[in-house]
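So this block is entry-v7.cif, mmCIF, C-alpha atoms:
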```
data_work
loop_
_atom_site.group_PDB
_atom_site.id
_atom_site.type_symbol
_atom_site.label_atom_id
_atom_site.label_comp_id
_atom_site.auth_asym_id
_atom_site.auth_seq_id
_atom_site.Cartn_x
_atom_site.Cartn_y
_atom_site.Cartn_z
ATOM 1 C CA MET K 1 -11.591 -24.909 -39.070
ATOM 2 C CA THR K 2 -9.775 -21.591 -38.660
ATOM 3 C CA MET K 3 -11.369 -19.367 -36.054
ATOM 4 C CA ARG K 4 -11.456 -15.645 -36.699
ATOM 5 C CA ASP K 5 -9.373 -13.413 -34.437
ATOM 6 C CA ILE K 6 -11.904 -10.633 -33.943
ATOM 7 C CA GLN K 7 -9.734 -8.785 -31.393
ATOM 8 C CA SER K 8 -6.947 -8.220 -33.918
ATOM 9 C CA GLY K 9 -9.286 -6.671 -36.468
ATOM 10 C CA PRO K 10 -9.889 -2.939 -36.889
ATOM 11 C CA PRO K 11 -12.269 -1.122 -34.518
ATOM 12 C CA GLU K 12 -15.215 0.977 -35.609
ATOM 13 C CA VAL K 13 -13.671 3.960 -33.803
ATOM 14 C CA ALA K 14 -9.889 4.063 -34.185
ATOM 15 C CA ILE K 15 -8.861 5.510 -30.819
ATOM 16 C CA ALA K 16 -6.040 4.070 -28.728
ATOM 17 C CA VAL K 17 -7.012 2.699 -25.300
ATOM 18 C CA ASP K 18 -4.662 3.682 -22.468
ATOM 19 C CA ARG K 19 -5.505 0.703 -20.250
ATOM 20 C CA VAL K 20 -7.461 -2.484 -20.819
ATOM 21 C CA GLY K 21 -7.262 -5.634 -18.747
ATOM 22 C CA ILE K 22 -8.725 -7.517 -15.790
ATOM 23 C CA LYS K 23 -9.431 -6.649 -12.169
ATOM 24 C CA ASN K 24 -10.877 -8.359 -9.074
ATOM 25 C CA PHE K 25 -8.817 -11.452 -9.908
ATOM 26 C CA ARG K 26 -7.598 -13.274 -6.778
ATOM 27 C CA LEU K 27 -4.191 -14.900 -6.592
ATOM 28 C CA PRO K 28 -2.288 -16.769 -3.840
ATOM 29 C CA LEU K 29 0.750 -14.732 -2.827
ATOM 30 C CA ILE K 30 3.883 -15.302 -0.744
ATOM 31 C CA VAL K 31 5.505 -12.173 0.687
ATOM 32 C CA ARG K 32 8.600 -11.654 2.808
ATOM 33 C CA ASP K 33 7.999 -11.593 6.568
ATOM 34 C CA ARG K 34 10.707 -10.095 8.813
ATOM 35 C CA ALA K 35 9.947 -12.402 11.745
ATOM 36 C CA ARG K 36 9.063 -15.654 9.982
ATOM 37 C CA GLY K 37 10.788 -15.381 6.626
ATOM 38 C CA ARG K 38 7.684 -15.815 4.466
ATOM 39 C CA GLN K 39 3.950 -15.208 4.792
ATOM 40 C CA HIS K 40 1.124 -16.637 2.693
ATOM 41 C CA THR K 41 -1.694 -14.285 1.764
ATOM 42 C CA VAL K 42 -4.152 -13.641 -1.086
ATOM 43 C CA ALA K 43 -3.863 -10.737 -3.519
ATOM 44 C CA GLU K 44 -6.566 -8.988 -5.490
ATOM 45 C CA VAL K 45 -5.076 -8.263 -8.896
ATOM 46 C CA GLU K 46 -5.555 -5.491 -11.418
ATOM 47 C CA LEU K 47 -3.570 -6.045 -14.609
ATOM 48 C CA SER K 48 -3.711 -4.031 -17.805
ATOM 49 C CA VAL K 49 -1.897 -2.999 -20.979
ATOM 50 C CA ASP K 50 -2.291 -0.309 -23.619
ATOM 51 C CA LEU K 51 -4.116 -1.087 -26.868
ATOM 52 C CA PRO K 52 -3.199 0.632 -30.159
ATOM 53 C CA ALA K 53 -5.952 2.258 -32.215
ATOM 54 C CA ARG K 54 -5.622 -0.341 -34.972
ATOM 55 C CA PHE K 55 -6.872 -3.231 -32.771
ATOM 56 C CA LYS K 56 -10.508 -3.810 -31.836
ATOM 57 C CA GLY K 57 -9.762 -5.553 -28.543
ATOM 58 C CA THR K 58 -7.167 -7.211 -26.349
ATOM 59 C CA HIS K 59 -6.865 -10.945 -25.654
ATOM 60 C CA MET K 60 -8.222 -11.219 -22.093
ATOM 61 C CA SER K 61 -7.275 -14.887 -21.701
ATOM 62 C CA ARG K 62 -3.587 -14.004 -21.944
ATOM 63 C CA PHE K 63 -3.735 -11.979 -18.726
ATOM 64 C CA VAL K 64 -4.995 -15.034 -16.868
ATOM 65 C CA GLU K 65 -2.402 -17.243 -18.545
ATOM 66 C CA ALA K 66 0.377 -14.929 -17.362
ATOM 67 C CA LEU K 67 -0.967 -14.885 -13.793
ATOM 68 C CA THR K 68 -1.382 -18.659 -13.806
ATOM 69 C CA GLY K 69 2.280 -19.008 -14.726
ATOM 70 C CA PHE K 70 3.329 -16.808 -11.770
ATOM 71 C CA ASP K 71 4.548 -18.963 -8.855
ATOM 72 C CA GLY K 72 3.266 -16.516 -6.218
ATOM 73 C CA GLU K 73 6.676 -15.748 -4.667
ATOM 74 C CA LEU K 74 6.745 -11.949 -4.570
ATOM 75 C CA ASP K 75 9.961 -9.986 -4.932
ATOM 76 C CA LEU K 76 11.208 -7.195 -7.183
ATOM 77 C CA LYS K 77 12.466 -9.583 -9.878
ATOM 78 C CA SER K 78 9.360 -11.786 -10.024
ATOM 79 C CA PHE K 79 7.077 -8.733 -10.093
ATOM 80 C CA ARG K 80 9.028 -7.154 -12.937
ATOM 81 C CA ASP K 81 9.257 -10.476 -14.820
ATOM 82 C CA LEU K 82 5.480 -10.862 -14.623
ATOM 83 C CA LEU K 83 4.938 -7.433 -16.145
ATOM 84 C CA GLU K 84 7.446 -8.148 -18.912
ATOM 85 C CA ASP K 85 5.698 -11.453 -19.637
ATOM 86 C CA VAL K 86 2.350 -9.667 -19.951
ATOM 87 C CA ARG K 87 3.825 -7.100 -22.348
ATOM 88 C CA ALA K 88 5.279 -9.869 -24.512
ATOM 89 C CA ARG K 89 2.099 -11.975 -24.537
ATOM 90 C CA LEU K 90 -0.047 -9.014 -25.569
ATOM 91 C CA ASP K 91 2.498 -7.244 -27.789
ATOM 92 C CA ALA K 92 2.059 -4.081 -25.694
ATOM 93 C CA GLN K 93 4.310 -1.119 -25.021
ATOM 94 C CA ASN K 94 2.950 -0.367 -21.559
ATOM 95 C CA ALA K 95 1.751 -2.631 -18.754
ATOM 96 C CA HIS K 96 0.347 -1.950 -15.282
ATOM 97 C CA LEU K 97 0.010 -4.328 -12.334
ATOM 98 C CA THR K 98 -1.426 -3.802 -8.841
ATOM 99 C CA LEU K 99 -1.498 -6.438 -6.105
ATOM 100 C CA GLY K 100 -3.629 -5.545 -3.099
ATOM 101 C CA PHE K 101 -3.293 -7.888 -0.115
ATOM 102 C CA PRO K 102 -3.642 -8.091 3.678
ATOM 103 C CA TYR K 103 -0.427 -8.467 5.664
ATOM 104 C CA PHE K 104 -0.610 -9.954 9.165
ATOM 105 C CA LEU K 105 1.562 -9.278 12.198
ATOM 106 C CA THR K 106 1.358 -10.922 15.599
ATOM 107 C CA LYS K 107 1.170 -7.972 17.953
ATOM 108 C CA SER K 108 1.605 -7.983 21.741
ATOM 109 C CA SER K 109 -0.463 -5.637 23.874
ATOM 110 C CA PRO K 110 1.692 -3.041 25.666
ATOM 111 C CA ALA K 111 1.051 -3.950 29.319
ATOM 112 C CA THR K 112 0.022 -7.615 29.578
ATOM 113 C CA GLY K 113 1.742 -8.881 26.424
ATOM 114 C CA ALA K 114 -1.462 -10.523 25.141
ATOM 115 C CA LYS K 115 -0.903 -11.619 21.533
ATOM 116 C CA ALA K 116 -3.284 -11.303 18.593
ATOM 117 C CA LEU K 117 -3.071 -10.875 14.829
ATOM 118 C CA MET K 118 -3.324 -7.408 13.276
ATOM 119 C CA ASP K 119 -3.958 -7.051 9.562
ATOM 120 C CA TYR K 120 -2.711 -4.182 7.419
ATOM 121 C CA ALA K 121 -3.945 -3.324 3.922
ATOM 122 C CA CYS K 122 -1.012 -3.311 1.482
ATOM 123 C CA ARG K 123 -0.682 -2.602 -2.202
ATOM 124 C CA LEU K 124 2.235 -3.143 -4.576
ATOM 125 C CA SER K 125 1.904 -1.347 -7.908
ATOM 126 C CA GLY K 126 4.221 -1.333 -10.891
ATOM 127 C CA GLU K 127 4.243 -0.267 -14.483
ATOM 128 C CA PHE K 128 6.248 -0.372 -17.653
ATOM 129 C CA VAL K 129 5.864 2.748 -19.764
ATOM 130 C CA GLY K 130 7.958 1.864 -22.750
ATOM 131 C CA GLU K 131 11.185 0.566 -21.224
ATOM 132 C CA LYS K 132 10.873 2.639 -18.059
ATOM 133 C CA PHE K 133 9.901 0.561 -15.004
ATOM 134 C CA ARG K 134 8.495 2.075 -11.820
ATOM 135 C CA GLN K 135 7.247 0.414 -8.653
ATOM 136 C CA THR K 136 5.451 1.753 -5.559
ATOM 137 C CA LEU K 137 4.538 0.159 -2.240
ATOM 138 C CA THR K 138 1.578 1.300 -0.131
ATOM 139 C CA VAL K 139 0.527 0.324 3.385
ATOM 140 C CA SER K 140 -2.412 1.646 5.435
ATOM 141 C CA VAL K 141 -1.996 1.623 9.214
ATOM 142 C CA PRO K 142 -4.618 2.485 11.873
ATOM 143 C CA VAL K 143 -3.501 4.677 14.779
ATOM 144 C CA MET K 144 -5.141 6.572 17.652
ATOM 145 C CA THR K 145 -4.976 10.344 17.933
ATOM 146 C CA VAL K 146 -5.835 12.741 20.774
ATOM 147 C CA CYS K 147 -6.651 16.347 19.850
ATOM 148 C CA PRO K 148 -4.092 18.801 21.350
ATOM 149 C CA CYS K 149 -6.576 21.691 21.233
ATOM 150 C CA SER K 150 -9.327 19.742 22.989
ATOM 151 C CA LEU K 151 -6.855 18.589 25.629
ATOM 152 C CA ALA K 152 -5.586 22.123 26.244
ATOM 153 C CA ILE K 153 -8.968 23.820 26.643
ATOM 154 C CA SER K 154 -10.933 21.134 28.490
ATOM 155 C CA ASP K 155 -11.084 20.753 32.259
ATOM 156 C CA GLN K 156 -11.553 17.017 31.861
ATOM 157 C CA GLY K 157 -10.391 14.792 29.015
ATOM 158 C CA ALA K 158 -10.172 15.445 25.281
ATOM 159 C CA HIS K 159 -11.660 13.969 22.152
ATOM 160 C CA SER K 160 -9.778 11.052 20.645
ATOM 161 C CA GLN K 161 -10.353 8.944 17.548
ATOM 162 C CA ARG K 162 -8.952 6.369 15.205
ATOM 163 C CA ALA K 163 -7.043 7.561 12.166
ATOM 164 C CA VAL K 164 -5.513 5.759 9.192
ATOM 165 C CA VAL K 165 -2.010 6.598 8.000
ATOM 166 C CA THR K 166 -1.370 5.579 4.382
ATOM 167 C CA LEU K 167 2.254 5.568 3.233
ATOM 168 C CA THR K 168 3.123 5.203 -0.447
ATOM 169 C CA CYS K 169 6.834 4.965 -1.309
ATOM 170 C CA ARG K 170 9.382 4.197 -3.975
ATOM 171 C CA PHE K 171 12.726 2.707 -3.025
ATOM 172 C CA SER K 172 16.241 2.121 -4.241
ATOM 173 C CA GLY K 173 16.379 -1.253 -2.455
ATOM 174 C CA PHE K 174 14.361 -3.698 -0.364
ATOM 175 C CA VAL K 175 12.316 -2.310 2.525
ATOM 176 C CA TRP K 176 10.318 -4.402 4.989
ATOM 177 C CA LEU K 177 6.600 -3.769 5.313
ATOM 178 C CA GLU K 178 7.228 -3.776 9.066
ATOM 179 C CA GLU K 179 9.436 -0.691 8.716
ATOM 180 C CA LEU K 180 6.618 1.303 7.130
ATOM 181 C CA ILE K 181 4.108 0.065 9.696
ATOM 182 C CA GLU K 182 6.434 1.153 12.513
ATOM 183 C CA ILE K 183 6.876 4.614 10.952
ATOM 184 C CA ALA K 184 3.101 5.072 10.672
ATOM 185 C CA GLU K 185 2.396 3.860 14.207
ATOM 186 C CA ALA K 186 5.060 6.100 15.715
ATOM 187 C CA ALA K 187 3.471 9.142 14.045
ATOM 188 C CA GLY K 188 0.165 8.890 15.934
ATOM 189 C CA SER K 189 -0.696 9.351 19.596
ATOM 190 C CA SER K 190 -0.739 5.570 20.060
ATOM 191 C CA PRO K 191 -0.708 2.397 17.993
ATOM 192 C CA VAL K 192 -3.931 0.410 17.609
ATOM 193 C CA TYR K 193 -4.112 -3.167 18.917
ATOM 194 C CA ALA K 194 -6.354 -6.124 18.105
ATOM 195 C CA LEU K 195 -6.479 -7.359 21.720
ATOM 196 C CA LEU K 196 -6.359 -5.257 24.894
ATOM 197 C CA LYS K 197 -6.982 -6.270 28.519
ATOM 198 C CA ARG K 198 -7.948 -3.681 31.137
ATOM 199 C CA GLU K 199 -4.319 -2.998 32.052
ATOM 200 C CA ASP K 200 -3.560 -2.477 28.372
ATOM 201 C CA GLU K 201 -6.475 -0.076 27.900
ATOM 202 C CA LYS K 202 -5.196 2.034 30.779
ATOM 203 C CA TYR K 203 -1.688 2.053 29.303
ATOM 204 C CA VAL K 204 -2.847 2.941 25.778
ATOM 205 C CA THR K 205 -5.159 5.714 26.976
ATOM 206 C CA GLU K 206 -2.501 7.328 29.167
ATOM 207 C CA GLN K 207 0.159 6.982 26.464
ATOM 208 C CA ALA K 208 -2.113 8.623 23.878
ATOM 209 C CA PHE K 209 -3.009 11.542 26.172
ATOM 210 C CA ASP K 210 0.695 12.096 26.835
ATOM 211 C CA LYS K 211 1.226 12.492 23.065
ATOM 212 C CA PRO K 212 -1.633 14.539 21.568
ATOM 213 C CA THR K 213 -1.398 14.986 17.788
ATOM 214 C CA PHE K 214 -3.309 16.895 15.145
ATOM 215 C CA VAL K 215 -3.805 15.135 11.825
ATOM 216 C CA GLU K 216 -1.196 17.597 10.474
ATOM 217 C CA ASP K 217 1.290 16.424 13.116
ATOM 218 C CA VAL K 218 0.805 12.789 12.148
ATOM 219 C CA ALA K 219 1.484 13.572 8.481
ATOM 220 C CA ARG K 220 4.590 15.608 9.350
ATOM 221 C CA HIS K 221 6.057 12.976 11.681
ATOM 222 C CA ALA K 222 5.591 10.225 9.089
ATOM 223 C CA ALA K 223 6.994 12.383 6.264
ATOM 224 C CA ASN K 224 10.020 13.298 8.378
ATOM 225 C CA ALA K 225 10.752 9.611 9.076
ATOM 226 C CA LEU K 226 10.410 8.681 5.405
ATOM 227 C CA SER K 227 12.697 11.561 4.437
ATOM 228 C CA ALA K 228 15.354 10.147 6.747
ATOM 229 C CA HIS K 229 15.051 6.591 5.410
ATOM 230 C CA PRO K 230 18.190 5.765 3.383
ATOM 231 C CA LEU K 231 16.336 3.793 0.693
ATOM 232 C CA VAL K 232 13.265 5.962 0.106
ATOM 233 C CA THR K 233 13.430 7.938 -3.159
ATOM 234 C CA TRP K 234 9.873 9.335 -3.182
ATOM 235 C CA PHE K 235 6.936 9.225 -0.789
ATOM 236 C CA ARG K 236 3.357 10.300 -0.224
ATOM 237 C CA VAL K 237 1.758 10.431 3.223
ATOM 238 C CA GLU K 238 -2.018 10.563 3.590
ATOM 239 C CA VAL K 239 -3.736 10.677 6.980
ATOM 240 C CA GLU K 240 -7.488 10.483 7.538
ATOM 241 C CA SER K 241 -8.862 11.081 11.019
ATOM 242 C CA PHE K 242 -12.373 9.713 11.684
ATOM 243 C CA GLU K 243 -13.403 12.522 14.005
ATOM 244 C CA SER K 244 -15.355 11.532 17.106
ATOM 245 C CA ILE K 245 -17.074 14.922 17.642
ATOM 246 C CA HIS K 246 -17.716 15.841 13.992
ATOM 247 C CA ASN K 247 -19.822 14.318 11.244
ATOM 248 C CA HIS K 248 -16.867 14.443 8.885
ATOM 249 C CA SER K 249 -13.250 13.308 8.674
ATOM 250 C CA ALA K 250 -10.144 15.478 8.864
ATOM 251 C CA PHE K 251 -7.221 14.738 6.558
ATOM 252 C CA ALA K 252 -3.692 15.839 5.713
ATOM 253 C CA GLY K 253 -1.198 14.858 3.036
ATOM 254 C CA ILE K 254 2.464 15.403 2.191
ATOM 255 C CA GLU K 255 4.337 14.329 -0.927
ATOM 256 C CA GLY K 256 8.067 14.655 -1.396
ATOM 257 C CA ARG K 257 11.501 13.416 -2.270
ATOM 258 C CA PRO K 258 14.116 13.176 0.479
ATOM 259 C CA ASP K 259 16.997 15.641 0.381
ATOM 260 C CA ARG K 260 19.957 13.545 1.518
ATOM 261 C CA ARG K 261 21.931 16.681 2.411
ATOM 262 C CA THR K 262 19.442 17.900 5.017
ATOM 263 C CA GLY K 263 17.277 14.878 5.790
ATOM 264 C CA GLN K 264 14.224 17.023 5.102
#
```

Translate this structure into structure tokens?
Amino acid sequence: MTMRDIQSGPPEVAIAVDRVGIKNFRLPLIVRDRARGRQHTVAEVELSVDLPARFKGTHMSRFVEALTGFDGELDLKSFRDLLEDVRARLDAQNAHLTLGFPYFLTKSSPATGAKALMDYACRLSGEFVGEKFRQTLTVSVPVMTVCPCSLAISDQGAHSQRAVVTLTCRFSGFVWLEELIEIAEAAGSSPVYALLKREDEKYVTEQAFDKPTFVEDVARHAANALSAHPLVTWFRVEVESFESIHNHSAFAGIEGRPDRRTGQ
């Protein structure tokens, strides 16, 4: 018995759909790790294509088939090949793929050297629009900030808080996640650690108070470092500070393309 292909039939309303696909699909993933070579993690996937006005629906099972055929080893070629496979399976012009995953680093505390795992939220996004391929990498990094104004006007102490630095970049070559994490951490008053002993707490507190930073400063420092990176072709910096003395967050953002003549 021949089964009807309802999806390929005409819709009641003939309007093209920009994106249709699946999300919240989990997939084992292997990413490059600067210290250990490779790291196993789990990605949450969002995958979609465009749908012309003449078709009622897409074939959802083909997204899963494409992901099932992916071996999990993530690099520029495998990511691009997966998107091309999806376009071919669904006879689409455009395709979009986002892999969100935690990346783990073993981090030593600054004074005692106590080791513990830190996780960082990462996202790799790519798209084919026609034959044009574009890919972006995002990492969110927690830091500590001390308010320069509070420090300057107070007889004792200053307000400090945790902030999150989110870097989104495009590249002309391979860049380690660790490089972006280091850029973000260097932009704040102090890095954040998973494990701190008393000696470490003293060190971190004193280090942070020696380097007070507004949320604007954090964004500028990170943007300046990305501008100087030889492989970065475009970037966006977003910083959110979870204020300790306000019932709201402060934020700052910078978007740009490096000028190789000036480094700015």

Shell of 9 Å around Leu124 (chain K), only C-alpha atoms, local chain residues under 3 positions omitted, as a PyMOL selection string: chain K and resi 97-101+135-139

Give me, as a list of chain:residue names, all polymer residues having an atom no more than 7 Å from Ala95 (chain K), counting all atoms listed in the file and skipping those fewer than 3 positions away in the same chain. K:Ser48, K:Val49, K:Asp50, K:Leu83, K:Arg87, K:Glu127, K:Phe128, K:Val129

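For the atom pair formed by CA of Leu47 (chain K) and CA of Ala184 (chain K), the distance is 28.4 Å, given to one decimal.
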
Between CA of Ala116 (chain K) and CA of Ala194 (chain K) lies a distance of 6.0 Å

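With distances taken over all atoms listed in the file, K:Thr166 is the one residue among K:Thr166, K:Thr213, K:Thr145, K:Thr205 lying closest to Arg123 (chain K).
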
Picked residues, the PyMOL selection byres ((chain K and resi 92) around 9), expected as a PyMOL selection string: chain K and resi 49-52+86-91+93-95+130

Atomic separation - CA of Pro258 (chain K) relative to CA of Leu226 (chain K), Å: 7.6 Å

Counting only C-alpha atoms, which residues sit no farther than 12 Å from the position (6.8, 8.6, 7.9) in the file's frame? I'd like them as a ChimeraX atom specification. /K:139-141,165-169,179-188,217-229,232,234-239,253-256,258,264

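For Asp200 (chain K), the set of protein, DNA and RNA residues having any atom at most 10 Å away, when counting all atoms listed in the file and skipping those fewer than 3 positions along the same chain, is Ser109, Pro110, Ala111, Thr112, Gly113, Ala114, Tyr193, Leu195, Leu196, Lys197, Tyr203, Val204, Thr205 and Glu206 of chain K.
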
Take every atom of region 158-170 of chain K listed in the file, pad by 8 Å on each side, and give me the axis-aligned box centre and edge lengths in Å, one decimal, as JSON.
```
{"center_x": -1.1, "center_y": 9.8, "center_z": 10.7, "size_x": 37.0, "size_y": 27.2, "size_z": 45.3}
```

Residues in the PyMOL selection byres ((chain K and resi 28) around 6), expressed as number ranges by chain: K: 27, 29, 42

For Leu231 (chain K), the nearest of the candidates K:Ser172, K:Asn24, K:Asn247, K:Thr41, counting only C-alpha atoms: K:Ser172

Hey, what's within 12 Å of Ala208 (chain K) if we count all atoms listed in the file and toss same-chain stuff fewer than 4 positions away? As a JSON list (two decimals) with C-alpha atoms, keeping the file's coordinate frame, please?
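Now in out20.json:
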```json
[["chain", "number", "residue", "atom", "x", "y", "z"],
["K", 143, "VAL", "CA", -3.50, 4.68, 14.78],
["K", 144, "MET", "CA", -5.14, 6.57, 17.65],
["K", 145, "THR", "CA", -4.98, 10.34, 17.93],
["K", 146, "VAL", "CA", -5.84, 12.74, 20.77],
["K", 147, "CYS", "CA", -6.65, 16.35, 19.85],
["K", 148, "PRO", "CA", -4.09, 18.80, 21.35],
["K", 151, "LEU", "CA", -6.86, 18.59, 25.63],
["K", 157, "GLY", "CA", -10.39, 14.79, 29.02],
["K", 158, "ALA", "CA", -10.17, 15.44, 25.28],
["K", 159, "HIS", "CA", -11.66, 13.97, 22.15],
["K", 160, "SER", "CA", -9.78, 11.05, 20.64],
["K", 161, "GLN", "CA", -10.35, 8.94, 17.55],
["K", 162, "ARG", "CA", -8.95, 6.37, 15.20],
["K", 185, "GLU", "CA", 2.40, 3.86, 14.21],
["K", 186, "ALA", "CA", 5.06, 6.10, 15.72],
["K", 187, "ALA", "CA", 3.47, 9.14, 14.04],
["K", 188, "GLY", "CA", 0.16, 8.89, 15.93],
["K", 189, "SER", "CA", -0.70, 9.35, 19.60],
["K", 190, "SER", "CA", -0.74, 5.57, 20.06],
["K", 191, "PRO", "CA", -0.71, 2.40, 17.99],
["K", 192, "VAL", "CA", -3.93, 0.41, 17.61],
["K", 201, "GLU", "CA", -6.48, -0.08, 27.90],
["K", 202, "LYS", "CA", -5.20, 2.03, 30.78],
["K", 203, "TYR", "CA", -1.69, 2.05, 29.30],
["K", 204, "VAL", "CA", -2.85, 2.94, 25.78],
["K", 212, "PRO", "CA", -1.63, 14.54, 21.57],
["K", 213, "THR", "CA", -1.40, 14.99, 17.79]]
```

Ground truth for the PyMOL selection byres ((chain K and resi 70-77) around 10), written as an mmCIF file with C-alpha atoms, in the coordinates of the input:
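Saved to expr16.cif:
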```cif
data_model
loop_
_atom_site.group_PDB
_atom_site.id
_atom_site.type_symbol
_atom_site.label_atom_id
_atom_site.label_comp_id
_atom_site.auth_asym_id
_atom_site.auth_seq_id
_atom_site.Cartn_x
_atom_site.Cartn_y
_atom_site.Cartn_z
ATOM 1 C CA LEU K 27 -4.191 -14.900 -6.592
ATOM 2 C CA PRO K 28 -2.288 -16.769 -3.840
ATOM 3 C CA LEU K 29 0.750 -14.732 -2.827
ATOM 4 C CA ILE K 30 3.883 -15.302 -0.744
ATOM 5 C CA VAL K 31 5.505 -12.173 0.687
ATOM 6 C CA ARG K 32 8.600 -11.654 2.808
ATOM 7 C CA ARG K 38 7.684 -15.815 4.466
ATOM 8 C CA GLN K 39 3.950 -15.208 4.792
ATOM 9 C CA HIS K 40 1.124 -16.637 2.693
ATOM 10 C CA THR K 41 -1.694 -14.285 1.764
ATOM 11 C CA VAL K 42 -4.152 -13.641 -1.086
ATOM 12 C CA ALA K 43 -3.863 -10.737 -3.519
ATOM 13 C CA VAL K 64 -4.995 -15.034 -16.868
ATOM 14 C CA GLU K 65 -2.402 -17.243 -18.545
ATOM 15 C CA ALA K 66 0.377 -14.929 -17.362
ATOM 16 C CA LEU K 67 -0.967 -14.885 -13.793
ATOM 17 C CA THR K 68 -1.382 -18.659 -13.806
ATOM 18 C CA GLY K 69 2.280 -19.008 -14.726
ATOM 19 C CA SER K 78 9.360 -11.786 -10.024
ATOM 20 C CA PHE K 79 7.077 -8.733 -10.093
ATOM 21 C CA ARG K 80 9.028 -7.154 -12.937
ATOM 22 C CA ASP K 81 9.257 -10.476 -14.820
ATOM 23 C CA LEU K 82 5.480 -10.862 -14.623
ATOM 24 C CA ASP K 85 5.698 -11.453 -19.637
ATOM 25 C CA LEU K 124 2.235 -3.143 -4.576
ATOM 26 C CA GLY K 126 4.221 -1.333 -10.891
ATOM 27 C CA GLN K 135 7.247 0.414 -8.653
ATOM 28 C CA GLY K 173 16.379 -1.253 -2.455
ATOM 29 C CA PHE K 174 14.361 -3.698 -0.364
#
```

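Nearest residue to Met118 (chain K), choosing from K:Gly37, K:Pro102, K:Pro10, K:Pro230 and counting only C-alpha atoms: K:Pro102.
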
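Among the candidates K:Lys56, K:Lys211, K:His246, K:Arg34, the one nearest to Val17 (chain K) when counting only C-alpha atoms is K:Lys56.
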
Using the partial input, fill out region 203-215 of chain K with N, CA and C atoms; write the result as a tab-separated table (two decimals), in the frame of the given file.
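Output below, filename selection12.tsv:
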```
chain	number	residue	atom	x	y	z
K	203	TYR	N	-2.99	1.66	29.84
K	203	TYR	CA	-1.69	2.05	29.30
K	203	TYR	C	-1.85	2.84	28.00
K	204	VAL	N	-2.67	2.31	27.08
K	204	VAL	CA	-2.85	2.94	25.78
K	204	VAL	C	-3.47	4.32	25.93
K	205	THR	N	-4.50	4.43	26.78
K	205	THR	CA	-5.16	5.71	26.98
K	205	THR	C	-4.19	6.75	27.54
K	206	GLU	N	-3.44	6.39	28.55
K	206	GLU	CA	-2.50	7.33	29.17
K	206	GLU	C	-1.38	7.69	28.21
K	207	GLN	N	-0.89	6.71	27.45
K	207	GLN	CA	0.16	6.98	26.46
K	207	GLN	C	-0.34	7.96	25.41
K	208	ALA	N	-1.57	7.75	24.93
K	208	ALA	CA	-2.11	8.62	23.88
K	208	ALA	C	-2.30	10.05	24.39
K	209	PHE	N	-2.78	10.20	25.63
K	209	PHE	CA	-3.01	11.54	26.17
K	209	PHE	C	-1.69	12.25	26.49
K	210	ASP	N	-0.63	11.49	26.65
K	210	ASP	CA	0.70	12.10	26.84
K	210	ASP	C	1.30	12.56	25.51
K	211	LYS	N	0.69	12.15	24.39
K	211	LYS	CA	1.23	12.49	23.06
K	211	LYS	C	0.08	12.94	22.15
K	212	PRO	N	-0.54	14.06	22.43
K	212	PRO	CA	-1.63	14.54	21.57
K	212	PRO	C	-1.09	14.95	20.20
K	213	THR	N	-1.85	14.67	19.15
K	213	THR	CA	-1.40	14.99	17.79
K	213	THR	C	-2.56	15.42	16.91
K	214	PHE	N	-2.40	16.54	16.23
K	214	PHE	CA	-3.31	16.90	15.14
K	214	PHE	C	-3.05	15.97	13.96
K	215	VAL	N	-4.01	15.92	13.03
K	215	VAL	CA	-3.80	15.14	11.82
K	215	VAL	C	-2.60	15.67	11.04
```
